[in-house]
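**Student:** Below is the file target_23.cif, with mmCIF, C-alpha atoms.
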```cif
data_my_file
loop_
_atom_site.label_atom_id
_atom_site.label_comp_id
_atom_site.auth_asym_id
_atom_site.auth_seq_id
_atom_site.Cartn_x
_atom_site.Cartn_y
_atom_site.Cartn_z
CA MET A 993 -1.85 -43.08 4.30
CA ILE A 994 1.39 -42.58 2.41
CA HIS A 995 -0.64 -42.21 -0.76
CA LEU A 996 -2.73 -39.51 0.81
CA CYS A 997 0.41 -37.67 1.89
CA ILE A 998 1.84 -37.83 -1.59
CA ILE A 999 -1.39 -36.52 -3.08
CA LYS A 1000 -1.39 -33.74 -0.54
CA VAL A 1001 2.22 -32.78 -1.32
CA VAL A 1002 1.58 -32.85 -5.07
CA LYS A 1003 -1.55 -30.76 -4.60
CA MET A 1004 0.38 -28.20 -2.57
CA ASP A 1005 3.05 -28.07 -5.24
CA VAL A 1006 0.51 -27.49 -7.99
CA ILE A 1007 -1.15 -24.69 -6.02
CA ASN A 1008 2.19 -23.10 -5.23
CA PHE A 1009 3.19 -23.36 -8.86
CA VAL A 1010 -0.05 -21.74 -10.01
CA ARG A 1011 0.29 -18.98 -7.43
CA GLN A 1012 3.68 -17.89 -8.76
CA PRO A 1013 3.82 -15.42 -11.62
CA TRP A 1014 3.62 -17.38 -14.88
CA PRO A 1015 6.56 -17.06 -17.27
CA TRP A 1016 6.03 -15.56 -20.75
CA TYR A 1017 6.42 -18.91 -22.50
CA VAL A 1018 3.39 -20.23 -20.62
CA ALA A 1019 1.22 -17.12 -20.76
CA GLY A 1020 2.00 -16.02 -24.33
CA PRO A 1021 0.96 -19.28 -26.03
CA LEU A 1022 -2.19 -19.43 -23.86
CA ILE A 1023 -3.10 -15.90 -24.95
CA GLY A 1024 -2.36 -16.89 -28.57
CA LEU A 1025 -4.77 -19.83 -28.25
CA THR A 1026 -7.58 -17.33 -27.66
CA VAL A 1027 -7.47 -16.66 -31.42
CA PRO A 1028 -8.48 -20.20 -32.54
CA ALA A 1029 -10.69 -20.64 -29.44
CA LEU A 1030 -12.93 -17.69 -30.36
CA LEU A 1031 -12.92 -18.60 -34.06
CA LEU A 1032 -14.00 -22.17 -33.36
CA LEU A 1033 -16.41 -21.35 -30.52
CA GLY A 1034 -18.47 -19.05 -32.71
CA ASN A 1035 -16.58 -17.52 -35.64
CA LYS A 1036 -15.52 -14.51 -33.58
CA SER A 1037 -12.45 -12.39 -34.22
CA PHE A 1038 -10.38 -11.75 -31.12
CA GLY A 1039 -10.60 -8.10 -30.13
CA ILE A 1040 -11.30 -6.32 -26.88
CA SER A 1041 -11.51 -2.59 -27.55
CA SER A 1042 -14.70 -3.11 -29.63
CA SER A 1043 -16.43 -3.78 -26.31
CA LEU A 1044 -16.05 -0.07 -25.50
CA ARG A 1045 -17.86 0.80 -28.73
CA HIS A 1046 -20.66 -1.65 -27.95
CA ILE A 1047 -21.07 -0.08 -24.50
CA CYS A 1048 -21.42 3.33 -26.18
CA ALA A 1049 -23.93 1.90 -28.67
CA ALA A 1050 -25.92 0.28 -25.87
CA CYS A 1051 -25.89 3.15 -23.36
CA LEU A 1052 -25.49 6.43 -25.21
CA PRO A 1053 -25.81 6.09 -28.99
CA ALA A 1054 -27.04 9.74 -29.23
CA ASN A 1055 -28.00 9.18 -32.87
CA ILE A 1056 -24.32 9.11 -33.86
CA PRO A 1057 -23.98 6.96 -37.03
CA PHE A 1058 -20.90 5.20 -35.59
CA PHE A 1059 -23.02 3.88 -32.72
CA ARG A 1060 -26.18 3.09 -34.70
CA TYR A 1061 -25.95 -0.65 -35.17
CA ASP A 1062 -27.36 -3.72 -33.48
CA TRP A 1063 -24.91 -4.06 -30.59
CA LYS A 1064 -26.83 -7.08 -29.31
CA LYS A 1065 -25.42 -9.05 -32.22
CA GLU A 1066 -21.98 -8.36 -30.74
CA ALA A 1067 -23.03 -9.18 -27.19
CA TRP A 1068 -20.53 -12.07 -27.09
CA ASN A 1069 -17.80 -9.44 -26.79
CA LEU A 1070 -19.40 -8.02 -23.64
CA PHE A 1071 -19.63 -11.52 -22.15
CA PHE A 1072 -15.97 -12.00 -22.99
CA VAL A 1073 -14.82 -8.83 -21.22
CA GLY A 1074 -17.17 -9.64 -18.32
CA GLY A 1075 -15.31 -12.94 -18.12
CA ILE A 1076 -11.98 -11.13 -18.05
CA ALA A 1077 -13.17 -9.13 -15.03
CA LEU A 1078 -14.36 -12.35 -13.36
CA GLY A 1079 -10.97 -13.91 -14.12
CA GLY A 1080 -9.47 -11.00 -12.18
CA VAL A 1081 -11.81 -11.71 -9.25
CA ILE A 1082 -10.94 -15.42 -9.25
CA THR A 1083 -7.20 -14.82 -9.43
CA GLY A 1084 -7.31 -12.15 -6.77
CA THR A 1085 -9.31 -14.40 -4.44
CA TRP A 1086 -7.69 -17.80 -4.87
CA LEU A 1087 -4.60 -17.68 -7.06
CA SER A 1088 -2.77 -14.52 -6.09
CA ASN A 1089 0.92 -14.41 -5.43
CA PRO A 1090 1.57 -13.45 -1.81
CA ALA A 1091 5.06 -12.15 -2.60
CA ALA A 1092 5.78 -8.63 -3.84
CA MET A 1093 6.37 -8.02 -7.53
CA THR A 1094 9.94 -8.12 -8.74
CA VAL A 1095 10.54 -4.82 -10.47
CA HIS A 1096 13.68 -4.06 -12.48
CA PRO A 1097 16.11 -2.24 -10.13
CA ALA A 1098 16.59 0.68 -12.53
CA LEU A 1099 12.82 1.18 -12.74
CA ALA A 1100 12.48 0.92 -8.95
CA THR A 1101 15.19 3.56 -8.48
CA ALA A 1102 13.63 5.88 -11.04
CA LEU A 1103 10.16 5.50 -9.53
CA SER A 1104 11.27 6.07 -5.96
CA GLY A 1105 12.42 9.50 -7.15
CA TYR A 1106 8.75 10.23 -7.82
CA GLY A 1107 7.56 8.97 -4.46
CA ILE A 1108 6.59 5.47 -5.58
CA HIS A 1109 8.12 3.03 -3.12
CA ASP A 1110 5.51 0.32 -2.87
CA PHE A 1111 5.95 -2.47 -5.41
CA HIS A 1112 3.74 -4.97 -3.65
CA ALA A 1113 0.68 -4.66 -5.86
CA MET A 1114 0.63 -4.93 -9.65
CA ILE A 1115 -0.85 -1.47 -9.87
CA PRO A 1116 0.92 1.25 -7.85
CA GLU A 1117 -1.57 2.74 -5.42
CA ALA A 1118 0.33 6.01 -5.38
CA LEU A 1119 -0.82 6.51 -8.98
CA PHE A 1120 -4.03 4.54 -9.41
CA SER A 1121 -6.45 4.63 -6.49
CA TRP A 1122 -9.38 6.72 -5.25
CA PRO A 1123 -7.11 9.03 -3.20
CA ALA A 1124 -4.73 9.38 -6.17
CA LEU A 1125 -7.64 10.45 -8.34
CA LEU A 1126 -7.85 13.64 -6.28
CA SER A 1127 -4.29 14.64 -7.18
CA LEU A 1128 -3.36 16.35 -10.46
CA ARG A 1129 -0.97 13.52 -11.31
CA GLY A 1130 -3.51 10.78 -10.62
CA MET A 1131 -6.24 12.66 -12.47
CA ILE A 1132 -4.07 13.06 -15.59
CA MET A 1133 -2.98 9.44 -15.53
CA MET A 1134 -6.33 7.81 -14.76
CA VAL A 1135 -8.75 10.09 -16.60
CA GLY A 1136 -6.46 11.45 -19.34
CA GLY A 1137 -4.70 8.14 -19.94
CA GLY A 1138 -7.99 6.27 -20.08
CA PHE A 1139 -9.42 8.73 -22.57
CA LEU A 1140 -6.42 8.29 -24.88
CA VAL A 1141 -6.75 4.49 -24.66
CA GLY A 1142 -10.42 4.61 -25.67
CA PHE A 1143 -10.01 7.30 -28.34
CA GLY A 1144 -6.82 5.86 -29.81
CA THR A 1145 -7.90 2.24 -30.00
CA ARG A 1146 -11.13 3.10 -31.82
CA TYR A 1147 -9.33 5.54 -34.15
CA ALA A 1148 -6.80 2.78 -34.90
CA GLY A 1149 -9.59 0.22 -35.27
CA GLY A 1150 -8.26 -2.09 -32.60
CA CYS A 1151 -5.93 -2.56 -29.67
CA THR A 1152 -3.20 -4.98 -28.72
CA SER A 1153 -5.56 -7.94 -29.07
CA GLY A 1154 -7.33 -6.93 -32.28
CA HIS A 1155 -4.31 -5.62 -34.15
CA ALA A 1156 -1.14 -6.99 -32.55
CA ILE A 1157 -2.42 -10.52 -31.88
CA MET A 1158 -5.45 -11.18 -34.16
CA GLY A 1159 -4.25 -8.89 -36.97
CA LEU A 1160 -0.69 -10.18 -37.09
CA SER A 1161 -1.89 -13.79 -36.71
CA THR A 1162 -3.89 -13.36 -39.92
CA LEU A 1163 -0.99 -11.53 -41.62
CA GLN A 1164 -2.75 -8.17 -42.03
CA TRP A 1165 -0.21 -5.49 -42.86
CA PRO A 1166 -2.42 -2.60 -41.59
CA SER A 1167 -2.24 -4.30 -38.20
CA LEU A 1168 1.55 -4.29 -38.39
CA VAL A 1169 1.42 -0.52 -39.04
CA ALA A 1170 -0.89 -0.10 -36.03
CA THR A 1171 1.30 -2.29 -33.78
CA VAL A 1172 4.45 -0.36 -34.71
CA CYS A 1173 2.63 2.90 -33.93
CA PHE A 1174 1.43 1.55 -30.54
CA MET A 1175 5.07 0.79 -29.69
CA ILE A 1176 6.40 4.16 -30.92
CA GLY A 1177 3.74 6.03 -28.93
CA GLY A 1178 4.48 3.98 -25.84
CA LEU A 1179 8.27 4.16 -26.07
CA VAL A 1180 8.28 7.94 -26.50
CA THR A 1181 5.73 8.46 -23.73
CA ALA A 1182 7.28 6.14 -21.14
CA ASN A 1183 10.77 7.56 -21.63
CA PHE A 1184 10.17 11.25 -22.30
CA ILE A 1185 6.66 12.33 -21.33
CA LEU A 1186 5.81 10.15 -18.33
CA PRO A 1187 8.78 11.36 -16.23
CA PHE A 1188 7.28 14.86 -16.48
CA ILE A 1189 3.78 13.67 -15.50
CA LEU A 1190 5.21 11.62 -12.60
CA SER A 1191 7.03 14.68 -11.29
CA LEU A 1192 3.78 16.66 -10.93
CA MET B 495 -34.01 -16.49 -26.16
CA SER B 496 -32.73 -18.31 -23.08
CA ASN B 497 -30.84 -20.60 -25.42
CA LYS B 498 -29.24 -17.54 -26.99
CA TRP B 499 -28.00 -16.26 -23.64
CA PHE B 500 -26.80 -19.72 -22.79
CA SER B 501 -24.75 -19.83 -25.99
CA GLN B 502 -22.94 -16.69 -24.80
CA LEU B 503 -21.74 -18.55 -21.73
CA LYS B 504 -18.84 -20.09 -23.61
CA PHE B 505 -17.50 -16.60 -24.32
CA LEU B 506 -17.82 -15.74 -20.64
CA ILE B 507 -15.78 -18.85 -19.80
CA ALA B 508 -13.20 -18.04 -22.48
CA GLY B 509 -12.97 -14.58 -20.93
CA ILE B 510 -12.45 -16.01 -17.45
CA VAL B 511 -9.57 -18.21 -18.63
CA PHE B 512 -8.07 -15.33 -20.54
CA GLY B 513 -8.44 -13.01 -17.53
CA ILE B 514 -6.67 -15.48 -15.23
CA VAL B 515 -3.76 -15.78 -17.66
CA PHE B 516 -3.60 -11.98 -17.94
CA VAL B 517 -3.29 -11.54 -14.19
CA LYS B 518 -0.98 -14.49 -13.57
CA ALA B 519 1.45 -13.37 -16.28
CA GLU B 520 1.41 -9.86 -14.74
CA VAL B 521 0.48 -8.48 -18.16
CA ILE B 522 -1.95 -6.21 -16.32
CA SER B 523 0.81 -4.71 -14.19
CA TRP B 524 1.70 -1.07 -14.73
CA PHE B 525 5.30 -1.96 -13.79
CA ARG B 526 5.61 -4.61 -16.50
CA ILE B 527 4.39 -2.16 -19.14
CA GLN B 528 6.94 0.42 -17.97
CA GLU B 529 9.70 -2.21 -18.14
CA MET B 530 8.61 -3.07 -21.67
CA PHE B 531 8.73 0.52 -22.91
CA ARG B 532 11.97 1.22 -21.04
CA LEU B 533 13.47 -1.94 -22.60
CA GLN B 534 14.26 -3.31 -19.15
CA SER B 535 12.56 -6.65 -19.47
CA PHE B 536 11.90 -9.24 -22.16
CA HIS B 537 8.75 -10.49 -20.44
CA MET B 538 6.09 -8.52 -22.38
CA TYR B 539 7.89 -9.00 -25.68
CA GLY B 540 7.97 -12.72 -24.96
CA VAL B 541 4.27 -12.79 -24.09
CA ILE B 542 3.12 -10.83 -27.15
CA GLY B 543 5.64 -12.50 -29.50
CA SER B 544 4.77 -16.06 -28.51
CA ALA B 545 1.03 -15.21 -28.54
CA VAL B 546 1.37 -13.98 -32.13
CA LEU B 547 3.35 -17.08 -33.15
CA VAL B 548 0.77 -19.45 -31.65
CA GLY B 549 -2.04 -17.38 -33.18
CA MET B 550 -0.38 -17.48 -36.61
CA LEU B 551 0.17 -21.22 -36.43
CA SER B 552 -3.46 -21.79 -35.35
CA VAL B 553 -4.85 -19.63 -38.16
CA TRP B 554 -2.57 -21.40 -40.65
CA MET B 555 -3.88 -24.78 -39.46
CA ILE B 556 -7.52 -23.65 -39.57
CA ARG B 557 -7.00 -22.52 -43.17
CA LYS B 558 -4.89 -25.48 -44.26
CA PHE B 559 -7.17 -28.19 -42.83
CA ARG B 560 -10.38 -26.16 -43.34
CA ILE B 561 -11.31 -26.67 -39.70
CA LYS B 562 -14.96 -25.77 -39.07
CA THR B 563 -16.49 -23.97 -36.11
CA MET B 564 -18.42 -25.85 -33.41
CA GLU B 565 -21.62 -25.19 -35.36
CA GLY B 566 -20.03 -26.58 -38.50
CA GLU B 567 -19.60 -23.24 -40.28
CA ALA B 568 -16.54 -22.29 -42.30
CA VAL B 569 -14.28 -19.93 -40.36
CA ILE B 570 -14.51 -16.36 -41.64
CA PHE B 571 -11.60 -13.92 -41.48
CA HIS B 572 -12.23 -10.20 -41.72
CA PRO B 573 -9.49 -8.38 -43.64
CA LYS B 574 -8.48 -5.04 -42.10
CA LYS B 575 -8.43 -2.04 -44.44
CA PHE B 576 -5.59 0.40 -44.13
CA SER B 577 -6.40 3.94 -43.04
CA LYS B 578 -4.33 6.74 -41.59
CA GLY B 579 -6.28 6.07 -38.41
CA GLN B 580 -3.99 3.15 -37.72
CA ILE B 581 -1.09 5.61 -37.58
CA TYR B 582 -2.72 8.51 -35.69
CA GLY B 583 -4.92 6.34 -33.51
CA GLY B 584 -2.08 3.89 -32.97
CA LEU B 585 0.24 6.62 -31.71
CA ILE B 586 -2.50 8.05 -29.45
CA PHE B 587 -3.28 4.63 -27.99
CA GLY B 588 0.46 4.04 -27.45
CA VAL B 589 0.61 7.21 -25.33
CA GLY B 590 -2.40 6.08 -23.30
CA TRP B 591 -0.99 2.56 -22.93
CA ALA B 592 2.25 3.86 -21.43
CA ILE B 593 0.43 6.21 -19.05
CA THR B 594 -2.25 3.83 -17.77
CA GLY B 595 -0.07 0.74 -18.11
CA ALA B 596 -3.09 -1.03 -19.54
CA CYS B 597 -4.77 -1.76 -22.81
CA PRO B 598 -8.54 -2.27 -22.73
CA GLY B 599 -8.40 -5.96 -21.70
CA PRO B 600 -6.26 -5.44 -18.60
CA LEU B 601 -8.54 -2.58 -17.48
CA PHE B 602 -11.34 -5.11 -16.96
CA ALA B 603 -9.01 -7.56 -15.20
CA GLN B 604 -7.60 -4.82 -12.92
CA ILE B 605 -11.11 -3.87 -11.78
CA GLY B 606 -11.89 -7.54 -11.12
CA LEU B 607 -8.68 -7.87 -9.18
CA GLY B 608 -9.96 -5.22 -6.79
CA ALA B 609 -8.49 -1.98 -8.12
CA THR B 610 -11.94 -0.39 -8.14
CA ALA B 611 -10.62 3.09 -8.95
CA ILE B 612 -9.67 1.77 -12.42
CA PHE B 613 -13.41 1.93 -13.10
CA VAL B 614 -12.82 5.65 -13.62
CA THR B 615 -10.14 4.88 -16.21
CA LEU B 616 -12.52 2.48 -17.95
CA LEU B 617 -15.31 5.08 -17.97
CA SER B 618 -12.86 7.58 -19.41
CA ALA B 619 -11.86 5.07 -22.11
CA ILE B 620 -15.54 4.61 -22.97
CA ALA B 621 -15.84 8.41 -23.15
CA GLY B 622 -12.80 8.49 -25.46
CA THR B 623 -14.45 5.95 -27.75
CA TRP B 624 -17.65 8.00 -27.72
CA VAL B 625 -15.83 11.23 -28.59
CA TYR B 626 -14.08 9.44 -31.45
CA GLY B 627 -17.47 8.25 -32.74
CA LYS B 628 -18.91 11.75 -32.45
CA PHE B 629 -16.09 13.45 -34.39
CA ARG B 630 -15.22 10.59 -36.70
CA GLU B 631 -16.19 12.44 -39.89
CA GLN B 632 -13.93 15.39 -39.09
CA LEU B 633 -10.85 13.28 -38.36
CA PRO B 634 -8.32 12.33 -41.07
CA HIS B 635 -8.54 8.68 -42.06
#
```
Once more with this new file: its structure as structure tokens, please.

**Tutor:**
Amino acid sequence: MIHLCIIKVVKMDVINFVRQPWPWYVAGPLIGLTVPALLLLGNKSFGISSSLRHICAACLPANIPFFRYDWKKEAWNLFFVGGIALGGVITGTWLSNPAAMTVHPALATALSGYGIHDFHAMIPEALFSWPALLSLRGMIMMVGGGFLVGFGTRYAGGCTSGHAIMGLSTLQWPSLVATVCFMIGGLVTANFILPFILSL
Amino acid sequence: MSNKWFSQLKFLIAGIVFGIVFVKAEVISWFRIQEMFRLQSFHMYGVIGSAVLVGMLSVWMIRKFRIKTMEGEAVIFHPKKFSKGQIYGGLIFGVGWAITGACPGPLFAQIGLGATAIFVTLLSAIAGTWVYGKFREQLPH
């Protein structure tokens, strides 16, 4: 009986621990382990944005040379991103954190000036939701932002996973150039351009 | 053929694990990305930095001990060639990253998490990739 109680308490603790947001020193190394995992599972280079290219090649190649290749050979990448979506489903269903996000006070203050007061979800509904899509601000952020992500990653030949993590892990200097440019683009946008978009 | 699909299952499982870590570390949160670019939090720098360190160490070990893949093949690394695309494309992606608060991976996780409207963002990202492919020859590289 006592044993059962102890097991129950330990189990509760584990679940509570898993439900909390994971610190960077747990998540970062786990993300880093994706690099050797994919290499050893099937000689695959970690990269996510390529999946967008494979979707183009599979659905709408339109005789464009860039999309004329055997995407089925790269199907693993589509399974991988499908898994990421499933991981989202699993976490949302069983492992989600019931508490609101803790957002830096300065960010919270700045955002409330643009009518964003709800910090409960990871993605602010005021900006990213079906109703928001009908506003100019939401349209620019969801459609315009998405376009730049897809265009920019392919132009750069990779995203945060392909360049910043896989590229830097294998000591590729072009990936360092790309990573620095990601950060410059993001820093300038978040601090100088986004406040304008948010005020729309 | 069925064996071929079955062999893809391991990548699906790797994706699931990766997706769970993504969500639990709040890497997919728009707020965390804003904090990163506004230099208000160390979290994202810690995640990316420690991921790179672990990745580097793993690659070093694979090379040093000539670790083989599950099928017994030698591990192949694909060197990345420099082009101006890494600068122009990198800057453009950076702008998109700050606006959407997501790189391509988190987009998939956000949809799975239930933010179905992000499907529009994903479709737009696919469109962006397509437009790049269409006009690739005219763009400076």

**Student:** Selected by the PyMOL selection byres ((chain A and resi 1019-1027) around 9) in the shown coordinates: which residues, as an NGL selection string?

**Tutor:** (:A and (1014-1018 or 1028-1032 or 1036-1038 or 1157-1158 or 1161)) or (:B and (508 or 512 or 515-516 or 518-519 or 538 or 540-550 or 552-553))

**Student:** Take the PyMOL selection byres ((chain A) within 6 of (chain B)), run it mentally on this structure, and tell me the resulting residues as number ranges by chain.

**Tutor:** A: 1013-1014, 1016, 1019-1021, 1023-1024, 1027-1028, 1032-1033, 1035, 1040-1041, 1044, 1058, 1068, 1071-1072, 1075-1081, 1083-1084, 1114-1115, 1121-1122, 1133-1135, 1137-1148, 1157, 1161, 1166, 1170, 1173-1174, 1177-1179, 1181-1182

**Student:** In Å, how far is it from atom CA of A:Ala1050 to atom CA of A:Ala1067?

**Tutor:**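 Computing it gives 10.0 Å between the two atoms.
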
**Student:** With the file shown as input, list the residues that the PyMOL selection byres ((chain A and resi 1110) around 12) selects, as a list of chain:residue names.

**Tutor:** A:Ala1092, A:Met1093, A:Thr1094, A:Val1095, A:Ala1100, A:Thr1101, A:Leu1103, A:Ser1104, A:Tyr1106, A:Gly1107, A:Ile1108, A:His1109, A:Phe1111, A:His1112, A:Ala1113, A:Met1114, A:Ile1115, A:Pro1116, A:Glu1117, A:Ala1118, A:Leu1119, B:Phe525

**Student:** Could you state the separation of atom CA of A:Gly1039 and atom CA of A:Trp1063 in Å, given to one decimal place?

**Tutor:**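 The value is 14.9 Å.
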
**Student:** Expressed in Å to a single decimal, how great is the separation between atom CA of A:Trp1086 and atom CA of A:Asp1005?

**Tutor:** 14.9 Å

**Student:** Which is closest to A:Ser1043 among A:Gly1154, A:Pro1090, A:Met1175, A:Phe1184, if we use all atoms listed in the file?

**Tutor:**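 For A:Ser1043, the nearest of the candidates is A:Gly1154.
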
**Student:** Given the choices A:Ser1167, A:Asn1055, A:Asn1069, A:Thr1162, which gets closest to B:Arg557 if the distance is worked out from only C-alpha atoms?

**Tutor:** A:Thr1162

**Student:** Taking all atoms of stretch 1065-1077 of chain A that appear in the file, build a box with edges along x, y and z, extend it by 5 Å on every side, and state its centre and edge lengths in Å to one decimal, as AutoDock Vina command-line options.

**Tutor:**
```
--center_x -18.7 --center_y -10.5 --center_z -23.6 --size_x 23.4 --size_y 14.9 --size_z 27.2
```

**Student:** Where atoms are absent from stretch 1106-1120 of chain A, fill them in so it carries N, CA and C atoms, then output it as a JSON list (two decimals), in the frame of the given file.

**Tutor:**
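Saved the output as selection.json:
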```
[["chain", "number", "residue", "atom", "x", "y", "z"],
["A", 1106, "TYR", "N", 10.05, 9.57, -7.69],
["A", 1106, "TYR", "CA", 8.75, 10.23, -7.82],
["A", 1106, "TYR", "C", 7.81, 9.83, -6.68],
["A", 1107, "GLY", "N", 8.37, 9.30, -5.64],
["A", 1107, "GLY", "CA", 7.56, 8.97, -4.46],
["A", 1107, "GLY", "C", 6.81, 7.66, -4.56],
["A", 1108, "ILE", "N", 7.24, 6.79, -5.49],
["A", 1108, "ILE", "CA", 6.59, 5.47, -5.58],
["A", 1108, "ILE", "C", 7.55, 4.44, -5.01],
["A", 1109, "HIS", "N", 7.21, 3.95, -3.80],
["A", 1109, "HIS", "CA", 8.12, 3.03, -3.12],
["A", 1109, "HIS", "C", 7.50, 1.65, -2.94],
["A", 1110, "ASP", "N", 6.20, 1.57, -3.15],
["A", 1110, "ASP", "CA", 5.51, 0.32, -2.87],
["A", 1110, "ASP", "C", 5.33, -0.50, -4.14],
["A", 1111, "PHE", "N", 6.02, -1.63, -4.23],
["A", 1111, "PHE", "CA", 5.95, -2.47, -5.41],
["A", 1111, "PHE", "C", 5.20, -3.78, -5.11],
["A", 1112, "HIS", "N", 4.41, -3.74, -4.05],
["A", 1112, "HIS", "CA", 3.74, -4.97, -3.65],
["A", 1112, "HIS", "C", 2.62, -5.35, -4.61],
["A", 1113, "ALA", "N", 1.81, -4.37, -4.97],
["A", 1113, "ALA", "CA", 0.68, -4.66, -5.86],
["A", 1113, "ALA", "C", 1.11, -4.48, -7.32],
["A", 1114, "MET", "N", 0.31, -5.05, -8.22],
["A", 1114, "MET", "CA", 0.63, -4.93, -9.65],
["A", 1114, "MET", "C", 0.39, -3.52, -10.16],
["A", 1115, "ILE", "N", -0.52, -2.84, -9.48],
["A", 1115, "ILE", "CA", -0.85, -1.47, -9.87],
["A", 1115, "ILE", "C", -0.44, -0.55, -8.73],
["A", 1116, "PRO", "N", 0.47, 0.40, -8.97],
["A", 1116, "PRO", "CA", 0.92, 1.25, -7.85],
["A", 1116, "PRO", "C", -0.22, 2.13, -7.32],
["A", 1117, "GLU", "N", -0.48, 1.99, -6.03],
["A", 1117, "GLU", "CA", -1.57, 2.74, -5.42],
["A", 1117, "GLU", "C", -1.30, 4.23, -5.38],
["A", 1118, "ALA", "N", -0.01, 4.59, -5.41],
["A", 1118, "ALA", "CA", 0.33, 6.01, -5.38],
["A", 1118, "ALA", "C", -0.17, 6.71, -6.65],
["A", 1119, "LEU", "N", -0.38, 5.92, -7.71],
["A", 1119, "LEU", "CA", -0.82, 6.51, -8.98],
["A", 1119, "LEU", "C", -2.26, 6.21, -9.33],
["A", 1120, "PHE", "N", -2.70, 4.97, -8.99],
["A", 1120, "PHE", "CA", -4.03, 4.54, -9.41],
["A", 1120, "PHE", "C", -4.85, 4.06, -8.22]]
```
